[in-house]
Amino acid sequence: MEERTNVNITITMTKEERTALKVLAAHKDMSVSALIREWLAEKLKDNK
């Protein structure tokens with residue numbers, strides 16, 4: 001894995017959305033942060 005500098009972000013969402021993120025991440029056996037990074041990488045790839 002490449003070395004990176006991490007920053008913290010705050011996202012406003014409902015409890016249901018938070019739970020859904022956790023469930024999706026658990027289903028893929030990854031952290032919520034990793035799930036968001038994966039989603040972002042896909043979106044960046046799609047925009048090229």
# chains A, B, ... in the order shown; residues from 1 in each chain; ligands from 1
call {"tool": "residues_around", "arguments": {"residues": "range 4-15 of chain A", "least_positions_apart": "4", "cutoff": "12 Å", "atoms": "only C-alpha atoms", "output": "PyMOL selection string"}}
result
chain A and resi 19-22+33+36-37
call {"tool": "write_last_selection", "arguments": {"atoms": "C-alpha atoms", "output": "mmCIF file, in the first residue's frame"}}
result
data_model
loop_
_atom_site.group_PDB
_atom_site.id
_atom_site.type_symbol
_atom_site.label_atom_id
_atom_site.label_comp_id
_atom_site.auth_asym_id
_atom_site.auth_seq_id
_atom_site.Cartn_x
_atom_site.Cartn_y
_atom_site.Cartn_z
ATOM 1 C CA THR A 19 -25.803 2.384 9.535
ATOM 2 C CA ALA A 20 -26.048 1.647 5.811
ATOM 3 C CA LEU A 21 -22.401 2.663 5.308
ATOM 4 C CA LYS A 22 -21.303 0.396 8.147
ATOM 5 C CA SER A 33 -12.947 4.803 5.234
ATOM 6 C CA ILE A 36 -15.293 5.717 0.726
ATOM 7 C CA ARG A 37 -11.764 5.673 -0.767
#
call {"tool": "select_by_dssp", "arguments": {"residues": "chain A", "states": "alpha helix (DSSP H)", "output": "NGL selection string"}}
result
:A and (15-27 or 32-46)
call {"tool": "atom_distance", "arguments": {"atom1": "CA of Val32 in chain A", "atom2": "CA of Lys45 in chain A"}}
result
20.0 Å
